[in-house]
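Okay, my_file_26.cif is below, mmCIF, C-alpha atoms:
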data_final
#
loop_
_atom_site.label_atom_id
_atom_site.label_comp_id
_atom_site.auth_asym_id
_atom_site.auth_seq_id
_atom_site.Cartn_x
_atom_site.Cartn_y
_atom_site.Cartn_z
CA MET A 4 0.00 0.00 0.00
CA THR A 5 1.38 3.40 -0.99
CA THR A 6 1.24 6.19 1.55
CA PRO A 7 -0.33 9.33 0.11
CA ALA A 8 1.92 12.34 -0.39
CA LEU A 9 1.80 14.97 2.34
CA PRO A 10 0.75 18.30 0.79
CA LEU A 11 2.63 21.41 1.90
CA GLY A 12 2.13 24.99 0.83
CA PRO A 13 1.30 27.40 -0.59
CA GLU A 14 4.29 29.02 1.13
CA LEU A 15 7.51 27.31 2.21
CA THR A 16 9.24 30.45 3.39
CA ILE A 17 10.83 31.86 6.53
CA ALA A 18 7.44 33.30 7.53
CA PHE A 19 5.94 29.80 7.72
CA ALA A 20 9.02 27.80 8.74
CA ALA A 21 7.87 27.08 12.30
CA THR A 22 4.49 25.77 11.16
CA TRP A 23 5.96 23.51 8.49
CA ARG A 24 8.77 22.37 10.82
CA GLU A 25 6.17 20.91 13.20
CA THR A 26 4.22 19.29 10.36
CA LEU A 27 7.35 17.69 8.92
CA ALA A 28 8.59 16.56 12.36
CA ASP A 29 5.27 14.83 13.00
CA ALA A 30 5.42 13.13 9.60
CA VAL A 31 9.02 12.00 10.15
CA ASN A 32 8.19 10.67 13.60
CA ALA A 33 5.23 8.71 12.22
CA GLY A 34 7.75 6.32 10.65
CA GLY A 35 8.36 5.09 7.14
CA ASN A 36 9.43 6.93 4.04
CA LEU A 37 7.94 10.36 3.47
CA THR A 38 6.60 11.63 0.16
CA LEU A 39 5.70 15.29 -0.23
CA ASP A 40 3.31 17.03 -2.59
CA LEU A 41 4.70 20.51 -3.26
CA GLY A 42 2.63 21.11 -6.37
CA GLU A 43 0.72 24.02 -4.86
CA VAL A 44 3.75 25.88 -3.48
CA THR A 45 3.90 29.43 -4.83
CA ASP A 46 6.63 30.85 -2.58
CA PHE A 47 9.80 28.91 -1.77
CA ASP A 48 12.97 30.27 -0.22
CA SER A 49 16.09 29.01 1.53
CA ALA A 50 14.07 28.35 4.70
CA GLY A 51 11.95 25.92 2.67
CA VAL A 52 15.10 24.24 1.40
CA GLN A 53 16.40 23.96 4.98
CA LEU A 54 13.14 22.32 6.07
CA LEU A 55 13.41 19.73 3.31
CA LEU A 56 17.06 19.04 4.11
CA ALA A 57 16.32 18.65 7.84
CA ALA A 58 13.49 16.22 7.10
CA ARG A 59 15.71 14.27 4.69
CA ARG A 60 18.50 14.08 7.29
CA SER A 61 16.12 12.94 10.05
CA LEU A 62 14.66 10.27 7.80
CA ALA A 63 18.11 9.09 6.66
CA GLU A 64 19.13 8.64 10.30
CA ARG A 65 16.23 6.17 10.54
CA GLY A 66 17.11 4.44 7.26
CA GLN A 67 14.17 6.06 5.48
CA GLN A 68 13.83 8.39 2.51
CA LEU A 69 12.26 11.68 1.53
CA GLN A 70 10.85 12.12 -1.96
CA VAL A 71 8.95 14.95 -3.62
CA ALA A 72 6.20 13.44 -5.79
CA THR A 73 4.85 16.71 -7.15
CA ALA A 74 6.67 20.03 -7.30
CA SER A 75 5.56 23.40 -8.61
CA PRO A 76 7.85 25.26 -11.01
CA VAL A 77 8.95 27.50 -8.11
CA VAL A 78 10.05 24.47 -6.09
CA ARG A 79 11.74 22.83 -9.07
CA ASP A 80 13.71 26.00 -9.76
CA GLY A 81 14.67 26.38 -6.10
CA LEU A 82 15.83 22.80 -5.77
CA GLN A 83 17.84 23.10 -8.97
CA VAL A 84 19.58 26.26 -7.70
CA PHE A 85 20.66 24.35 -4.59
CA GLY A 86 21.61 21.19 -6.50
CA LEU A 87 18.84 19.16 -4.87
CA GLN A 88 17.03 17.81 -7.93
CA SER A 89 17.55 14.32 -6.46
CA LEU A 90 14.64 15.01 -4.10
CA LEU A 91 12.28 15.05 -7.06
CA ASP A 92 10.52 11.78 -7.88
CA ASP A 93 10.85 12.02 -11.66
#

Before anything else, please render the file you have as C-alpha cells.
Amino acid sequence: MTTPALPLGPELTIAFAATWRETLADAVNAGGNLTLDLGEVTDFDSAGVQLLLAARRSLAERGQQLQVATASPVVRDGLQVFGLQSLLDD
C-alpha cells in the first residue's frame, strides 16, 4: 500500500518555517518513508530548502527516505539552484 503524499504549501518560506517544521517533524516521527506534494507551493525560499534538508536528514538517520512526488515550477527551480534535484521523484 502506498502512503499518500503529504501536501505542503502554498508558502515554504521563513514566515511559515515554524508551522511547516512541526508538520514535517510529525510526519518523520510517524515512521516510514515520506513523500511530499509541493505542487501548490507558490513561494519557496532558503528556509523551505532547509526544512526539506532537515526532514531528509532525520529520515536518513532512521534508514528512510524523503521524496517529492509533485513540485511546482517555483520548487523545481529552487531545488535546482541548490543542486537538490535528487529530491524530485521524476

Skipping near chain neighbours, those fewer than 2 positions away, what residues fall within 10 Å of Ala58 in chain A using all atoms listed in the file, listed as a list in words?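 With the cut-off at 10 Å, the set is Arg24, Leu27, Ala28, Ala30, Val31, Leu37, Val52, Gln53, Leu54, Leu55, Leu56, Arg60, Ser61, Leu62, Ala63, Glu64, Gln68 and Leu69 of chain A.
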
I need the residue set behind the PyMOL selection byres ((chain A and resi 74-79) around 6) for this file; please write it as a PyMOL selection string. chain A and resi 41-42+44+73+80-82

Using only C-alpha atoms, determine which residues lie at most 8 Å from Leu9 in chain A, disregarding the query and same-chain residues fewer than 4 positions distant; provide the list as a PyMOL selection string. chain A and resi 37-40

Take the PyMOL selection byres ((chain A and resi 15) around 9), run it mentally on this structure, and tell me the resulting residues as a ChimeraX atom specification. /A:11-14,16-20,23,44-52,54

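Separating CA of Gln67 in chain A from CA of Leu91 in chain A is a distance of 15.5 Å.
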
Between CA of Thr6 in chain A and CA of Thr26 in chain A, distance in Å (one decimal): 16.1 Å
